[in-house]
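K.L.:
Contents are PDB, C-alpha atoms; file name structure-v3.pdb:
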MODEL        1
ATOM      1  CA  MET T   1     119.467  29.654  11.589
ATOM      2  CA  GLU T   2     122.264  32.100  12.399
ATOM      3  CA  LEU T   3     124.365  33.038   9.411
ATOM      4  CA  SER T   4     127.956  34.205   9.259
ATOM      5  CA  ARG T   5     128.421  37.894   8.502
ATOM      6  CA  ARG T   6     129.254  37.056   4.882
ATOM      7  CA  LEU T   7     126.233  34.839   4.286
ATOM      8  CA  TYR T   8     123.914  37.257   6.093
ATOM      9  CA  ALA T   9     125.063  40.069   3.777
ATOM     10  CA  VAL T  10     124.439  37.827   0.754
ATOM     11  CA  ALA T  11     120.959  36.903   1.994
ATOM     12  CA  SER T  12     120.177  40.567   2.650
ATOM     13  CA  LEU T  13     120.473  41.324  -1.067
ATOM     14  CA  VAL T  14     117.599  38.949  -1.925
ATOM     15  CA  THR T  15     114.309  40.668  -2.757
ATOM     16  CA  GLU T  16     111.408  39.703  -0.509
ATOM     17  CA  GLY T  17     109.101  37.168  -2.157
ATOM     18  CA  ALA T  18     111.782  35.825  -4.488
ATOM     19  CA  SER T  19     111.990  32.205  -5.620
ATOM     20  CA  VAL T  20     115.622  31.229  -5.280
ATOM     21  CA  ALA T  21     118.157  28.792  -6.709
ATOM     22  CA  ASP T  22     121.223  28.644  -4.452
ATOM     23  CA  VAL T  23     124.080  27.336  -6.590
ATOM     24  CA  GLY T  24     126.840  25.628  -4.626
ATOM     25  CA  THR T  25     124.633  25.576  -1.541
ATOM     26  CA  ASP T  26     127.137  23.607   0.575
ATOM     27  CA  HIS T  27     125.362  23.275   3.954
ATOM     28  CA  GLY T  28     122.119  24.839   2.714
ATOM     29  CA  TYR T  29     122.302  27.675   5.219
ATOM     30  CA  ILE T  30     121.170  30.475   2.888
ATOM     31  CA  PRO T  31     117.987  28.716   1.622
ATOM     32  CA  ILE T  32     117.094  27.728   5.186
ATOM     33  CA  TYR T  33     117.491  31.303   6.400
ATOM     34  CA  LEU T  34     115.542  32.780   3.481
ATOM     35  CA  ILE T  35     112.588  30.446   4.052
ATOM     36  CA  GLN T  36     112.678  30.833   7.834
ATOM     37  CA  GLN T  37     112.616  34.615   7.570
ATOM     38  CA  ASN T  38     109.842  34.547   4.936
ATOM     39  CA  ILE T  39     112.137  36.326   2.473
ATOM     40  CA  ALA T  40     111.955  33.614  -0.189
ATOM     41  CA  SER T  41     108.711  32.037  -1.331
ATOM     42  CA  LYS T  42     110.536  28.987  -2.726
ATOM     43  CA  ALA T  43     114.097  27.667  -2.653
ATOM     44  CA  ILE T  44     116.124  25.061  -4.519
ATOM     45  CA  ALA T  45     119.480  24.083  -3.005
ATOM     46  CA  LEU T  46     121.957  22.992  -5.702
ATOM     47  CA  ASP T  47     125.413  21.482  -5.431
ATOM     48  CA  ILE T  48     127.663  19.560  -7.803
ATOM     49  CA  ASN T  49     128.929  17.305  -4.987
ATOM     50  CA  GLY T  50     126.803  14.687  -3.285
ATOM     51  CA  GLY T  51     128.425  15.060   0.149
ATOM     52  CA  PRO T  52     127.619  18.756   0.673
ATOM     53  CA  LEU T  53     124.166  18.256  -0.828
ATOM     54  CA  GLU T  54     123.419  15.467   1.641
ATOM     55  CA  ARG T  55     124.564  17.729   4.501
ATOM     56  CA  ALA T  56     122.244  20.426   3.189
ATOM     57  CA  ARG T  57     119.369  17.911   3.000
ATOM     58  CA  MET T  58     119.944  16.848   6.603
ATOM     59  CA  HIS T  59     120.033  20.461   7.769
ATOM     60  CA  ILE T  60     116.798  21.172   5.886
ATOM     61  CA  ILE T  61     115.143  18.174   7.569
ATOM     62  CA  GLY T  62     116.531  19.295  10.936
ATOM     63  CA  TYR T  63     114.836  22.666  10.546
ATOM     64  CA  ASN T  64     111.545  21.025   9.467
ATOM     65  CA  LEU T  65     111.700  22.604   6.004
ATOM     66  CA  LYS T  66     111.737  19.440   3.870
ATOM     67  CA  GLY T  67     108.570  20.428   2.000
ATOM     68  CA  GLN T  68     109.753  23.972   1.341
ATOM     69  CA  ILE T  69     113.341  23.532   0.121
ATOM     70  CA  GLU T  70     114.243  21.091  -2.633
ATOM     71  CA  THR T  71     117.771  19.718  -3.055
ATOM     72  CA  ARG T  72     119.212  18.848  -6.459
ATOM     73  CA  LEU T  73     122.556  17.477  -7.587
ATOM     74  CA  SER T  74     123.557  19.943 -10.267
ATOM     75  CA  ASP T  75     126.544  21.398 -12.101
ATOM     76  CA  GLY T  76     125.636  25.065 -11.817
ATOM     77  CA  LEU T  77     122.146  25.757 -13.160
ATOM     78  CA  LEU T  78     121.914  22.640 -15.337
ATOM     79  CA  ALA T  79     119.279  20.979 -13.117
ATOM     80  CA  VAL T  80     117.065  24.096 -13.140
ATOM     81  CA  GLN T  81     114.381  24.681 -15.758
ATOM     82  CA  PRO T  82     113.805  28.147 -17.241
ATOM     83  CA  GLY T  83     111.092  29.928 -15.271
ATOM     84  CA  GLU T  84     111.345  27.693 -12.173
ATOM     85  CA  VAL T  85     112.878  30.471 -10.082
ATOM     86  CA  ASP T  86     113.451  34.184 -10.513
ATOM     87  CA  THR T  87     116.643  34.632  -8.460
ATOM     88  CA  MET T  88     120.049  32.958  -8.548
ATOM     89  CA  ILE T  89     122.550  32.999  -5.705
ATOM     90  CA  ALA T  90     126.186  31.997  -6.239
ATOM     91  CA  ALA T  91     128.320  32.685  -3.175
ATOM     92  CA  GLY T  92     131.719  31.528  -2.010
ATOM     93  CA  MET T  93     133.188  30.381  -5.323
ATOM     94  CA  GLY T  94     135.762  31.789  -7.716
ATOM     95  CA  GLY T  95     134.843  34.475 -10.203
ATOM     96  CA  GLY T  96     135.831  32.308 -13.154
ATOM     97  CA  LEU T  97     133.498  29.548 -11.976
ATOM     98  CA  ILE T  98     130.599  31.992 -11.569
ATOM     99  CA  ILE T  99     131.133  33.194 -15.126
ATOM    100  CA  ARG T 100     131.172  29.591 -16.399
ATOM    101  CA  ILE T 101     127.925  28.844 -14.555
ATOM    102  CA  LEU T 102     126.286  31.878 -16.161
ATOM    103  CA  GLU T 103     127.606  30.856 -19.578
ATOM    104  CA  ASP T 104     126.550  27.202 -19.298
ATOM    105  CA  GLY T 105     123.092  28.098 -17.994
ATOM    106  CA  LYS T 106     122.253  30.807 -20.519
ATOM    107  CA  GLU T 107     118.673  29.663 -21.114
ATOM    108  CA  VAL T 108     117.922  29.763 -17.390
ATOM    109  CA  VAL T 109     119.883  32.995 -16.958
ATOM    110  CA  GLU T 110     117.677  34.711 -19.534
ATOM    111  CA  SER T 111     114.583  33.756 -17.511
ATOM    112  CA  LEU T 112     115.944  35.027 -14.191
ATOM    113  CA  LYS T 113     115.179  38.450 -12.762
ATOM    114  CA  GLU T 114     117.987  38.837 -10.248
ATOM    115  CA  PHE T 115     121.504  37.560  -9.625
ATOM    116  CA  ILE T 116     123.109  37.641  -6.170
ATOM    117  CA  LEU T 117     126.804  36.925  -6.641
ATOM    118  CA  GLN T 118     129.645  36.774  -4.139
ATOM    119  CA  PRO T 119     132.837  35.794  -5.979
ATOM    120  CA  GLN T 120     135.859  34.887  -3.877
ATOM    121  CA  SER T 121     138.297  35.940  -6.601
ATOM    122  CA  GLU T 122     138.460  37.894  -9.874
ATOM    123  CA  VAL T 123     135.584  40.113  -8.787
ATOM    124  CA  TRP T 124     136.406  42.633 -11.515
ATOM    125  CA  ARG T 125     135.995  39.898 -14.152
ATOM    126  CA  VAL T 126     132.506  39.107 -12.881
ATOM    127  CA  ARG T 127     131.529  42.786 -12.970
ATOM    128  CA  ARG T 128     132.857  43.154 -16.520
ATOM    129  CA  TYR T 129     131.097  39.973 -17.644
ATOM    130  CA  LEU T 130     127.759  41.181 -16.289
ATOM    131  CA  LEU T 131     128.059  44.573 -17.947
ATOM    132  CA  ASP T 132     129.253  43.067 -21.239
ATOM    133  CA  HIS T 133     126.160  40.809 -21.201
ATOM    134  CA  HIS T 134     123.659  43.607 -20.642
ATOM    135  CA  MET T 135     123.230  43.220 -16.905
ATOM    136  CA  ASN T 136     123.130  46.133 -14.509
ATOM    137  CA  ILE T 137     124.664  45.874 -11.033
ATOM    138  CA  ILE T 138     122.071  47.691  -8.946
ATOM    139  CA  ASP T 139     123.493  47.092  -5.463
ATOM    140  CA  GLU T 140     126.706  45.952  -3.791
ATOM    141  CA  ASP T 141     127.898  45.264  -0.288
ATOM    142  CA  MET T 142     131.213  44.364   1.319
ATOM    143  CA  VAL T 143     131.876  42.821   4.711
ATOM    144  CA  GLU T 144     134.960  41.914   6.699
ATOM    145  CA  GLU T 145     135.002  38.591   8.511
ATOM    146  CA  ASP T 146     137.951  36.899  10.210
ATOM    147  CA  GLY T 147     140.359  39.337   8.584
ATOM    148  CA  LYS T 148     139.065  38.665   5.060
ATOM    149  CA  TYR T 149     137.087  40.982   2.814
ATOM    150  CA  TYR T 150     134.048  39.799   0.877
ATOM    151  CA  PRO T 151     132.435  41.935  -1.845
ATOM    152  CA  MET T 152     129.057  40.913  -3.276
ATOM    153  CA  MET T 153     126.635  42.267  -5.849
ATOM    154  CA  LYS T 154     123.037  42.208  -7.017
ATOM    155  CA  ALA T 155     122.408  42.416 -10.759
ATOM    156  CA  VAL T 156     119.368  42.524 -13.033
ATOM    157  CA  HIS T 157     118.903  42.428 -16.793
ATOM    158  CA  GLY T 158     119.317  45.829 -18.400
ATOM    159  CA  GLU T 159     121.880  48.314 -19.618
ATOM    160  CA  SER T 160     124.267  49.781 -17.076
ATOM    161  CA  PRO T 161     126.046  53.127 -16.784
ATOM    162  CA  ARG T 162     129.625  53.406 -17.949
ATOM    163  CA  TYR T 163     132.322  52.314 -15.525
ATOM    164  CA  ALA T 164     135.722  53.809 -14.790
ATOM    165  CA  GLU T 165     138.556  51.306 -14.343
ATOM    166  CA  CYS T 166     138.597  51.651 -10.550
ATOM    167  CA  GLU T 167     134.826  51.025 -10.526
ATOM    168  CA  TYR T 168     135.268  47.692 -12.308
ATOM    169  CA  ILE T 169     137.955  46.670  -9.845
ATOM    170  CA  PHE T 170     136.420  47.885  -6.589
ATOM    171  CA  GLY T 171     132.716  48.281  -7.367
ATOM    172  CA  LYS T 172     130.869  51.300  -8.701
ATOM    173  CA  ARG T 173     127.991  50.962  -6.235
ATOM    174  CA  LEU T 174     130.344  50.416  -3.286
ATOM    175  CA  LEU T 175     132.274  53.565  -4.186
ATOM    176  CA  GLU T 176     129.118  55.602  -4.751
ATOM    177  CA  LYS T 177     127.817  54.511  -1.332
ATOM    178  CA  LYS T 178     131.261  55.151   0.163
ATOM    179  CA  ASN T 179     131.147  51.749   1.799
ATOM    180  CA  PRO T 180     133.308  51.948   4.969
ATOM    181  CA  VAL T 181     134.554  48.351   4.693
ATOM    182  CA  LEU T 182     135.807  49.032   1.167
ATOM    183  CA  GLU T 183     137.513  52.196   2.411
ATOM    184  CA  LYS T 184     139.390  50.163   5.031
ATOM    185  CA  PHE T 185     140.314  47.582   2.379
ATOM    186  CA  LEU T 186     141.591  50.288   0.010
ATOM    187  CA  HIS T 187     143.823  51.820   2.681
ATOM    188  CA  ARG T 188     145.208  48.378   3.471
ATOM    189  CA  GLU T 189     145.934  47.638  -0.183
ATOM    190  CA  LEU T 190     147.521  51.065  -0.662
ATOM    191  CA  ASN T 191     149.796  50.601   2.348
ATOM    192  CA  ILE T 192     150.872  47.147   1.143
ATOM    193  CA  ARG T 193     151.796  48.423  -2.308
ATOM    194  CA  GLU T 194     153.565  51.514  -1.045
ATOM    195  CA  GLY T 195     155.615  49.322   1.286
ATOM    196  CA  ILE T 196     156.619  46.974  -1.553
ATOM    197  CA  PHE T 197     157.435  49.959  -3.779
ATOM    198  CA  LYS T 198     159.694  51.450  -1.113
ATOM    199  CA  GLU T 199     161.488  48.124  -0.665
ATOM    200  CA  LEU T 200     161.999  47.714  -4.408
ATOM    201  CA  SER T 201     163.380  51.236  -4.710
ATOM    202  CA  HIS T 202     166.553  49.915  -3.070
ATOM    203  CA  HIS T 203     167.009  47.514  -6.002
ATOM    204  CA  VAL T 204     166.476  49.828  -8.983
ATOM    205  CA  GLY T 205     169.380  48.216 -10.830
ATOM    206  CA  SER T 206     167.307  45.064 -11.286
ATOM    207  CA  GLU T 207     165.187  44.876 -14.439
ATOM    208  CA  GLY T 208     162.605  42.789 -12.613
ATOM    209  CA  ALA T 209     162.371  45.419  -9.874
ATOM    210  CA  LYS T 210     161.805  48.148 -12.461
ATOM    211  CA  VAL T 211     158.980  46.214 -14.101
ATOM    212  CA  ARG T 212     157.308  45.502 -10.778
ATOM    213  CA  MET T 213     157.676  49.152  -9.713
ATOM    214  CA  GLU T 214     155.840  50.255 -12.842
ATOM    215  CA  GLU T 215     153.065  47.790 -12.082
ATOM    216  CA  LEU T 216     152.890  49.098  -8.527
ATOM    217  CA  ARG T 217     152.724  52.701  -9.721
ATOM    218  CA  ARG T 218     149.691  51.848 -11.799
ATOM    219  CA  GLU T 219     148.023  49.884  -8.980
ATOM    220  CA  ILE T 220     148.652  52.731  -6.510
ATOM    221  CA  MET T 221     147.154  55.212  -8.975
ATOM    222  CA  ILE T 222     143.964  53.117  -9.377
ATOM    223  CA  ILE T 223     143.571  52.661  -5.607
ATOM    224  CA  SER T 224     144.129  56.384  -5.078
ATOM    225  CA  ARG T 225     141.391  57.164  -7.602
ATOM    226  CA  ALA T 226     139.036  54.875  -5.706
ATOM    227  CA  LEU T 227     139.911  56.576  -2.417
ATOM    228  CA  GLY T 228     139.079  59.864  -4.107
ATOM    229  CA  TYR T 229     135.388  58.956  -3.807
ATOM    230  CA  TYR T 230     135.762  59.152  -0.025
ATOM    231  CA  CYS T 231     137.588  62.492  -0.195
ATOM    232  CA  ILE T 232     134.548  63.948  -1.977
ATOM    233  CA  ARG T 233     132.453  62.995   1.029
ATOM    234  CA  ALA T 234     134.942  64.512   3.475
ATOM    235  CA  ASN T 235     135.050  67.812   1.575
ATOM    236  CA  ALA T 236     131.302  68.077   1.046
TER     237      ALA T 236
ENDMDL
END
Spell out the structure here as structure tokens.
P.N.:
Amino acid sequence: MELSRRLYAVASLVTEGASVADVGTDHGYIPIYLIQQNIASKAIALDINGGPLERARMHIIGYNLKGQIETRLSDGLLAVQPGEVDTMIAAGMGGGLIIRILEDGKEVVESLKEFILQPQSEVWRVRRYLLDHHMNIIDEDMVEEDGKYYPMMKAVHGESPRYAECEYIFGKRLLEKKNPVLEKFLHRELNIREGIFKELSHHVGSEGAKVRMEELRREIMIISRALGYYCIRANA
């Protein structure tokens, strides 16, 4: 099984020997890879839709892993019993949906040791939810694939350090590690906003333009603070 760059990065956050529930498994690629590479001791592939789950089942059979990976039709973690697995993966879905899955599966969530999450949107909301619910993000990664940027995180139960606003938005661990993909993303976002700001400066008579310019000033300030982490490295 050869994974995309995004899925490989997600799989790389899984602790060796883990028993895994892959929520929204789609084609079942991550569980197959984890079992093939002897990273996971057990895997359950979960999906709310029968079509993707059947595709996952056929892929599992094709790789001769039928006895090692179980498939279950499930809305989030609802088809998982507390204590069945110690690790949850949720990759390739919106941040709001990930939060709902965590909320709806609270009993299972309390029994889990690790959470590997790769939200496609509202990443800052997921980080804030985890910290507000006494979970500590212990590792993060970010990859670029086909012109898109994918941040992901690994969390465990426990209190976390305090976060600055830019750390919620862009990832405390990513900034501390001075992740080069995040640095590229930050420069791109800064250039986009500075370009919009310059364009709007020609329309300062418009109330809407003034409001948007204030928003952009704040966004530019937050991105600049995040880029400051990389300046520390350069000056060290």
K.L.:
Tell me, as a ChimeraX atom specification, which residues lie within 12 Å of region 200-203 of chain T, counting only C-alpha atoms; anything in the same chain fewer than 4 positions away does not count.
P.N.:
/T:193-196,207-217
K.L.:
Write out as a list of chain:residue names the residues lying within 10 Å of Ala164 (chain T), counting all atoms listed in the file and excluding same-chain residues fewer than 5 positions away.
P.N.:
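Skipping anything fewer than 5 positions along the chain leaves T:Ile169, T:Gly171, T:Lys172, T:Ile222, T:Arg225, T:Ala226.
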K.L.:
Might you spell out which residues the PyMOL selection byres ((chain T and resi 16-26) around 7) would select in the displayed file, as a PyMOL selection string?
P.N.:
chain T and resi 14-15+27-28+31+39-48+52-53+56+76+85-90
K.L.:
Could the centre and edge lengths of an axis-aligned box, enclosing all atoms of region 173-189 of chain T in the file with 8 Å extra on each side, be given in Å to one decimal as lines of an AutoDock Vina configuration file?
P.N.:
center_x = 136.9
center_y = 51.6
center_z = -0.6
size_x = 34.1
size_y = 24.0
size_z = 27.3
K.L.:
Identify which of the residues T:Pro151, T:Pro180, T:Pro82, T:Gly67 lies closest to Glu107 (chain T), counting only C-alpha atoms when measuring atom-to-atom distances.
P.N.:
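The answer is T:Pro82, which sits nearest to Glu107 (chain T).
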K.L.:
Neighbours of Arg100 (chain T) within 12 Å (all atoms listed in the file; same-chain residues fewer than 3 positions away dropped), as a count of residues only?
P.N.:
18
K.L.:
Quick one: residues within 10 Å of Asp132 (chain T), only C-alpha atoms, excluding same-chain residues fewer than 4 positions away - as a PyMOL selection string?
P.N.:
chain T and resi 126-128+136+159-160
K.L.:
Pick the closest to Ile116 (chain T) from T:Lys154, T:Lys148, T:Arg72, T:Arg5: which is it, counting only C-alpha atoms?
P.N.:
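Closest to Ile116 (chain T) of all the choices is T:Lys154.
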K.L.:
How many Å separate CA of Ile99 (chain T) from CA of Glu70 (chain T)?
P.N.:
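Between these atoms lies a distance of 24.2 Å.
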K.L.:
Using the chain letters and numbers from this file, what does the PyMOL selection byres ((chain T and resi 113) around 8) select? Give the answer as an mmCIF file with C-alpha atoms, keeping the file's coordinate frame.
P.N.:
data_model
loop_
_atom_site.group_PDB
_atom_site.id
_atom_site.type_symbol
_atom_site.label_atom_id
_atom_site.label_comp_id
_atom_site.auth_asym_id
_atom_site.auth_seq_id
_atom_site.Cartn_x
_atom_site.Cartn_y
_atom_site.Cartn_z
ATOM 1 C CA ASP T 86 113.451 34.184 -10.513
ATOM 2 C CA THR T 87 116.643 34.632 -8.460
ATOM 3 C CA SER T 111 114.583 33.756 -17.511
ATOM 4 C CA LEU T 112 115.944 35.027 -14.191
ATOM 5 C CA GLU T 114 117.987 38.837 -10.248
ATOM 6 C CA PHE T 115 121.504 37.560 -9.625
ATOM 7 C CA VAL T 156 119.368 42.524 -13.033
ATOM 8 C CA HIS T 157 118.903 42.428 -16.793
#
K.L.:
Between CA of Phe170 (chain T) and CA of Met152 (chain T), what is the distance in Å, rounded to a tenth?
P.N.:
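We find that CA of Phe170 (chain T) and CA of Met152 (chain T) lie 10.7 Å from each other.
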K.L.:
May I ask which of the residues T:Ala9, T:Met1, T:Leu227, T:Val80 is the closest one to Tyr29 (chain T), counting all atoms listed in the file?
P.N.:
T:Met1
K.L.:
In the coordinate frame of the file, compute which residues have an atom within 12 Å of (126.1, 41.7, 5.8) when using all atoms listed in the file, and state them as a CSV table (one decimal) with C-alpha atoms, in the frame of the given file.
P.N.:
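As a result, selection31.csv now contains:
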chain,number,residue,atom,x,y,z
T,3,LEU,CA,124.4,33.0,9.4
T,4,SER,CA,128.0,34.2,9.3
T,5,ARG,CA,128.4,37.9,8.5
T,6,ARG,CA,129.3,37.1,4.9
T,7,LEU,CA,126.2,34.8,4.3
T,8,TYR,CA,123.9,37.3,6.1
T,9,ALA,CA,125.1,40.1,3.8
T,10,VAL,CA,124.4,37.8,0.8
T,11,ALA,CA,121.0,36.9,2.0
T,12,SER,CA,120.2,40.6,2.6
T,13,LEU,CA,120.5,41.3,-1.1
T,14,VAL,CA,117.6,38.9,-1.9
T,118,GLN,CA,129.6,36.8,-4.1
T,140,GLU,CA,126.7,46.0,-3.8
T,141,ASP,CA,127.9,45.3,-0.3
T,142,MET,CA,131.2,44.4,1.3
T,143,VAL,CA,131.9,42.8,4.7
T,144,GLU,CA,135.0,41.9,6.7
T,145,GLU,CA,135.0,38.6,8.5
T,149,TYR,CA,137.1,41.0,2.8
T,150,TYR,CA,134.0,39.8,0.9
T,151,PRO,CA,132.4,41.9,-1.8
T,152,MET,CA,129.1,40.9,-3.3
T,153,MET,CA,126.6,42.3,-5.8
T,179,ASN,CA,131.1,51.7,1.8
T,181,VAL,CA,134.6,48.4,4.7
K.L.:
Considering all atoms listed in the file, can you say which of T:Ser121, T:Ile30, T:Leu73, T:Glu84 comes closest to Ile60 (chain T)?
P.N.:
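The answer is T:Ile30, which sits nearest to Ile60 (chain T).
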K.L.:
Quick one: pull the distance between CA of Leu186 (chain T) and CA of Glu122 (chain T), Å, one decimal.
P.N.:
16.2 Å
K.L.:
Using only C-alpha atoms for the distances, tell me which of T:Ile35, T:Ala79, T:Leu131, T:Leu175 is nearest to Leu65 (chain T).
P.N.:
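That would be T:Ile35, the residue with the smallest distance to Leu65 (chain T).
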